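In what follows, a structure is listed as structure tokens, so that the remarks can point back to it.
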Amino acid sequence: DSGVTQTPKHLITATGQRVTLRCSPRSGDLSVYWYQQSLDQGLQFLIQYYNGEERAKGNILERFSAQQFPDLHSELNLSSLELGDSALYFCASTTGTGDEKLFFGSGTQLSVL
Amino acid sequence: GQQLNQSPQSMFIQEGEDVSMNCTSSSIFNTWLWYKQDPGEGPVLLIALYKAGELTSNGRLTAQFGITRKDSFLNISASTPSDVGIYFCAGRETSGSRLTFGEGTQLTVNP
């Protein structure tokens with residue numbers, strides 16, 4: 001158990017819909033990262049938050065947004081969903097601002113039908 | 001941007017065999033990490049390397065930070081079915097910079 005909690009484990013929705021994925025980092029970790037993993041693909045970095053503020057952006061679509069709350073949990077919002085958004089979405093956390101060692105959650109499997 | 005070339009893409013081996021996989025980068029890294037992802041789970045950190053030439057073991061796993069600082073290797077000895085999964089390398093150029101992940105090596109171990 002990495003200590004990073006993601007909910008829900010599975011999410012099935014339709015095209016055009018909006019969903020919210022939730023992540024609670026390890027106790028004491030201030031940084032939260034979001035990654036997307038499509039079928040047979042590697043890990044694509046989406047966005048990083050540190051202590052409530054956006055720190056770095058990767059290949060995140062404009063239809064996607066994220067935030068980190070004062071209690072340090074984070075949410076990833078995906079809107080106007082398309083079939084191609086179906087993927088595993090991982091949250092990871094680490095203590096500092098640099099991703100020295102990332103600890104990953106179990107992921108949310110999103111299926112867009 | 002930074003690219004990592006991880007190979008092989010997949011491996012099919014018999015239980016008991018040793019396994020080797022590697023990652024190469026287009027520039028010098030100061031950190032190499034190796035992760036394993038079980039089906040339906042998130043990647044789990046196996047080994048972290050911080051110095052050129054460093055050799056670190058974790059049970060039957062051994063990883064090395066290449067002396068050129070542009071590559072890293074992971075070896076698994078006496079493989080078992082529990083080793084099945086996807087192995088990812090990840091590297092970072094400088095402190096505080098983005099971690100870049102390789103595309104992964106899918107390992108299948110036949111009993």
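Starting from 1 in every chain, residues are counted up; chains themselves are A, B, ... following the order of the structure tokens, and ligands are numbered from 1 as listed.
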Task: Distance-based interface of chain B with chain A, 10 Å, counting only C-alpha atoms, as number ranges by chain - done: B: 31-33, 35, 37-38, 40-45, 47-48, 86, 88, 90-92, 94-106
Task: Test item: residues at most 8 Å from Ala66 of chain A, only C-alpha atoms, excluding those fewer than 6 positions along its chain, as a list in words - done: Ile47, Ser74, Glu75, Leu76 and Asn77 of chain A
Export of the given selection (N, CA and C atoms) as a CSV table (one decimal), in the first residue's frame:
chain,number,residue,atom,x,y,z
A,47,ILE,N,-0.4,17.0,-14.9
A,47,ILE,CA,-0.3,18.2,-14.1
A,47,ILE,C,0.2,17.9,-12.7
A,74,SER,N,-6.7,16.2,-4.0
A,74,SER,CA,-6.7,16.7,-5.3
A,74,SER,C,-7.9,16.1,-6.1
A,75,GLU,N,-8.4,16.9,-7.0
A,75,GLU,CA,-9.4,16.4,-7.9
A,75,GLU,C,-9.0,16.7,-9.3
A,76,LEU,N,-9.3,15.7,-10.2
A,76,LEU,CA,-9.0,15.9,-11.6
A,76,LEU,C,-10.4,15.9,-12.3
A,77,ASN,N,-10.8,17.0,-13.0
A,77,ASN,CA,-12.0,17.1,-13.6
A,77,ASN,C,-11.9,16.9,-15.1
- [ ] Give me, please, the distance in Å between atom CA of Lys57 of chain A and atom CA of Gly85 of chain B, quoted to one decimal.
- [x] 28.5 Å
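Between Tyr49 of chain A and the residues A:Pro25, A:Ile12, A:Arg18, A:Gln67, the shortest atom-to-atom distance, using only C-alpha atoms, involves A:Gln67.
Ranking A:Asn59, A:Thr7, A:Asn51, A:Ser79 by their shortest atom-to-atom distance to Asp29 of chain A, with only C-alpha atoms included, puts A:Asn51 first.
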- [ ] Write down as a PyMOL selection string the residues belonging to chain B that are assigned strand (DSSP E or B) by DSSP computed on the backbone.
- [x] chain B and resi 4-7+10-14+19-25+31-37+44-49+55-58+61-65+71-76+85-92+100-101+105-110
Take the residues just selected and output them with C-alpha atoms as a compact mmCIF listing (two decimals), in the first residue's frame.
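Result file part-v3.txt:
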# COMPACT_ATOMS: atom_id res chain seq x y z
CA LEU B 4 13.70 7.70 -22.86
CA ASN B 5 14.14 4.59 -24.93
CA GLN B 6 13.25 1.48 -22.93
CA SER B 7 13.89 -1.99 -24.28
CA SER B 10 8.12 -7.14 -24.12
CA MET B 11 9.72 -10.35 -22.91
CA PHE B 12 8.44 -13.90 -22.65
CA ILE B 13 10.61 -16.11 -20.48
CA GLN B 14 10.53 -19.37 -18.56
CA VAL B 19 15.98 -11.07 -17.18
CA SER B 20 17.67 -7.88 -18.33
CA MET B 21 16.12 -4.65 -19.53
CA ASN B 22 17.50 -1.18 -20.04
CA CYS B 23 16.76 2.46 -20.65
CA THR B 24 18.75 5.03 -22.53
CA SER B 25 18.28 8.77 -22.58
CA THR B 31 18.45 10.13 -11.09
CA TRP B 32 17.13 6.82 -12.35
CA LEU B 33 14.12 5.05 -10.88
CA TRP B 34 12.66 1.64 -11.69
CA TYR B 35 8.97 0.88 -11.13
CA LYS B 36 6.85 -2.24 -11.50
CA GLN B 37 3.17 -2.12 -12.38
CA VAL B 44 5.40 0.63 -7.34
CA LEU B 45 8.92 1.94 -6.81
CA LEU B 46 11.50 -0.85 -6.88
CA ILE B 47 14.89 0.84 -6.91
CA ALA B 48 16.25 4.39 -6.93
CA LEU B 49 19.72 5.31 -8.23
CA LEU B 55 24.65 -0.69 -8.32
CA THR B 56 21.68 -1.33 -6.04
CA SER B 57 19.82 -4.54 -5.23
CA ASN B 58 16.34 -5.23 -3.93
CA LEU B 61 16.38 -7.30 -8.55
CA THR B 62 19.55 -5.38 -9.32
CA ALA B 63 19.71 -2.01 -11.05
CA GLN B 64 22.67 0.00 -12.24
CA PHE B 65 23.16 3.67 -13.04
CA ASP B 71 21.47 4.75 -19.29
CA SER B 72 20.29 2.38 -16.63
CA PHE B 73 19.81 -1.36 -16.42
CA LEU B 74 17.51 -3.63 -14.44
CA ASN B 75 18.23 -7.31 -13.94
CA ILE B 76 15.94 -9.89 -12.38
CA GLY B 85 4.03 -7.08 -14.92
CA ILE B 86 5.18 -3.93 -16.65
CA TYR B 87 8.53 -2.47 -15.64
CA PHE B 88 9.07 1.25 -16.14
CA CYS B 89 12.25 3.20 -15.94
CA ALA B 90 12.09 6.88 -15.06
CA GLY B 91 14.80 9.49 -15.09
CA ARG B 92 15.42 13.08 -14.21
CA THR B 100 10.43 11.22 -17.65
CA PHE B 101 9.07 7.69 -17.93
CA THR B 105 8.76 -3.51 -20.62
CA GLN B 106 5.96 -6.07 -20.41
CA LEU B 107 7.34 -9.19 -18.72
CA THR B 108 5.61 -12.57 -18.99
CA VAL B 109 6.97 -15.53 -17.04
CA ASN B 110 5.81 -18.99 -18.02
- [ ] Using only C-alpha atoms, find the one residue out of A:Gln48, A:Ser38, A:Ser111, A:Gln68 that sits nearest to Arg22 of chain A.
- [x] A:Gln68
Task: Nearest-residue call for Glu93 of chain B, choices B:Thr68, B:Phe29, B:Gln3, B:Asp18, using only C-alpha atoms - done: B:Phe29
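The closest residue to Thr5 of chain A, picked from A:Ser27, A:Ser65, A:Ser86, A:Ser80 and counting only C-alpha atoms, is A:Ser27.
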Task: One-decimal distance in Å that lies between atom CA of Leu39 of chain A and atom CA of Glu62 of chain A - done: 21.5 Å
